[in-house]
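A.B. asks: The structure under discussion is supplied below as structure tokens; questions concerning it will follow.
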There are 2 protein chains.
Amino acid sequence: MRKCLLLSLMANHLDTFFAAMADPTRRAVIERLTDGPSSVSTLHAPHDMALPTFLRHLKVLEASGLVRSEKKGRVRVVHLEAAPMETAEAWLRQQRHMWKKRLDRLGALAERLERDRA
Amino acid sequence: MRKCLLLSLMANHLDTFFAAMADPTRRAVIERLTDGPSSVSTLHAPHDMALPTFLRHLKVLEASGLVRSEKKGRVRVVHLEAAPMETAEAWLRQQRHMWKKRLDRLGALAERLERDRA
DNA sequence: AGATTGGTTAGCCTAGTTGCTAACTGCCTT
DNA sequence: AAGGCAGTTAGCAACTAGGCTAACCAATCT
């Protein structure tokens with residue numbers, strides 16, 4: 001029961017995380033933030049879109065937990081939060097691991113058959 | 001120029017990959033497929049939705065390259081394709097790496113300041 | 001105080017996604 | 001050949017996503 005709750009929470013996180021990453025603008029923001037916090041308008045500058053539109057991308061990132069921000073005076077400073085990325089990476093690694101394990105079992109089986117035939 | 005083309009191709013792959021992963025039904029299918037290929041209706045069984053709806057999820061997965069399928073007689077067999085997952089995992093790892101490197105630089109700087117103050 | 005800068009809210013539009021049902025094709029079994 | 005099973009196509013409704021403009025705070029600069 002406990003585990004089920006945990007899993008569904010994580011599922012929800014994966015939902016918002018992957019959805020957040022599915023947009024090139026948002027991935028570019030993430031890349032940009034890996035070398036340090038930055039203000040909204042600085043982040044906005046290289047992107048050819050209206051500021052309100054861009055702001056909504058930031059909100060999506062923030063809602064997914066990938067990014068946090070606080071306001072100092074009239075400028076809002078945004079910074080990266082690595083934890084959700086680790087969660088997702090772990091999930092992917094897990095899937096690949098399962099997949100590889102199965103292929104190994106399959107390989108072993110093939111080898112056994114080969115040996116038996118000889 | 002060549003690199004730019006490559007990057008934009010990858011960007012496009014990341015788009016479709018992350019979008020594909022943003023849905024719990026589709027992630028469940030991926031998990032299921034890690035332990036072997038399976039037919040459409042077998043994959044469908046545990047999901048409480050109409051078959052045509054489910055089929056579209058499969059199409060999304062196939063379009064993103066995560067999955068391939070071929071038809072044998074009247075049944076279509078679906079199997080996992082690990083490469084796109086590796087690409088995405090690599091991208092995430094890269095971002096985390098950049099982030100960590102920056103934190104290290106920051107740590108070193110702090111340490112230097114500390115030393116100077118002493 | 002008034003103008004400027006940085007961000008925010010509200011509202012609109014278009015395109016795409018996710019669910020459904022109904023009807024159809026094409027292979028297999030009897 | 002008839003029936004059923006596996007999948008597919010077409011078309012509809014509800015909702016979300018991503019873009020825009022216009023108008024609006026609130027902090028700073030002159």
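Chain identifiers are assigned as A, B, and so on, following the order in which chains appear in the structure tokens; residues are numbered from 1 within each chain, and ligands are numbered from 1 in order of appearance.
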Find the spatial neighbours of region 17-34 of chain B, counting only C-alpha atoms (C1' of nucleotides), within a cut-off of 9 Å - ignore same-chain residues fewer than 2 positions away - and output them as a PyMOL selection string.

C.D. replies: (chain A and resi 11-12+14-23+95-102) or (chain B and resi 12-15+36-38+43-44+47+54+57-58+60-61+63-67+78-80+84-85+88)

A.B. asks: Give me a file of those residues, with C-alpha atoms, as a compact mmCIF listing (two decimals), in the first residue's frame.

C.D. replies:
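As a result, part.txt now contains:
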# COMPACT_ATOMS: atom_id res chain seq x y z
CA ALA A 11 4.70 8.27 -11.74
CA ASN A 12 3.20 11.69 -11.44
CA LEU A 14 7.79 11.30 -14.25
CA ASP A 15 4.72 12.59 -16.10
CA THR A 16 5.50 16.23 -15.46
CA PHE A 17 9.23 15.74 -15.82
CA PHE A 18 9.09 14.10 -19.22
CA ALA A 19 6.43 16.51 -20.40
CA ALA A 20 8.65 19.40 -19.34
CA MET A 21 11.60 17.98 -21.22
CA ALA A 22 9.63 17.40 -24.40
CA ASP A 23 9.98 21.01 -25.52
CA GLN A 95 14.48 -0.09 -17.84
CA ARG A 96 17.64 -0.52 -19.86
CA HIS A 97 19.00 -2.79 -17.17
CA MET A 98 15.92 -5.04 -17.25
CA TRP A 99 16.09 -5.15 -21.01
CA LYS A 100 19.76 -6.06 -21.04
CA LYS A 101 19.24 -8.76 -18.42
CA ARG A 102 16.62 -10.36 -20.61
CA ASN B 12 13.89 16.28 -32.76
CA HIS B 13 14.48 12.80 -31.38
CA LEU B 14 14.55 14.14 -27.86
CA ASP B 15 11.27 15.93 -28.55
CA GLY B 36 10.13 -9.61 -24.07
CA PRO B 37 8.20 -8.89 -27.27
CA SER B 38 4.45 -9.17 -27.13
CA LEU B 43 -0.15 -5.48 -24.24
CA HIS B 44 -3.59 -3.99 -24.27
CA HIS B 47 -5.15 -1.21 -19.64
CA PHE B 54 -4.42 1.99 -27.00
CA HIS B 57 -0.35 5.00 -27.89
CA LEU B 58 1.61 2.25 -29.59
CA VAL B 60 3.31 7.23 -30.68
CA LEU B 61 5.90 4.86 -29.23
CA ALA B 63 7.03 7.02 -34.15
CA SER B 64 9.49 7.94 -31.42
CA GLY B 65 11.62 4.94 -32.36
CA LEU B 66 11.30 3.36 -28.91
CA VAL B 67 9.48 0.38 -30.24
CA VAL B 78 5.87 -5.40 -30.73
CA HIS B 79 9.40 -5.21 -29.34
CA LEU B 80 11.58 -2.69 -27.57
CA PRO B 84 16.63 6.14 -28.21
CA MET B 85 16.56 5.54 -24.48
CA ALA B 88 18.09 10.54 -23.79

A.B. asks: Can you tell me, as a VMD selection string, which residues in region 11-83 of chain A count as strand (DSSP E or B) by DSSP?

C.D. replies: chain A and resid 38 to 39 67 to 72 75 to 80

A.B. asks: Could you give me, as JSON lines, every chain D residue with an atom at most 12 Å from chain B, plus its closest atom pair and distance in Å to one decimal, counting only C-alpha atoms (C1' of nucleotides), rows ordered by chain then number?

C.D. replies:
{"residue": "D:DC5", "atom": "C1'", "partner": "B:Arg74", "partner_atom": "CA", "distance": 8.8}
{"residue": "D:DA6", "atom": "C1'", "partner": "B:Arg74", "partner_atom": "CA", "distance": 5.8}
{"residue": "D:DG7", "atom": "C1'", "partner": "B:Arg74", "partner_atom": "CA", "distance": 7.3}
{"residue": "D:DT8", "atom": "C1'", "partner": "B:Pro52", "partner_atom": "CA", "distance": 8.0}
{"residue": "D:DT9", "atom": "C1'", "partner": "B:Pro52", "partner_atom": "CA", "distance": 9.4}
{"residue": "D:DA10", "atom": "C1'", "partner": "B:Pro52", "partner_atom": "CA", "distance": 11.2}

A.B. asks: Go through C:DG2, C:DG7, C:DT14, C:DT30 one by one, measure the shortest atom-to-atom distance of each to DA26 (chain D) using only C-alpha atoms (C1' of nucleotides), and give the residue with the smallest value.

C.D. replies: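 Of C:DG2, C:DG7, C:DT14, C:DT30, the one nearest DA26 (chain D), counting only C-alpha atoms (C1' of nucleotides), is C:DG7.
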
A.B. asks: As an MDAnalysis selection string, list the residues of chain A assigned to helix (DSSP H, G or I) by DSSP on the backbone atoms of this structure.

C.D. replies: chainID A and resid 2:21 24:33 40:44 51:63 83:117
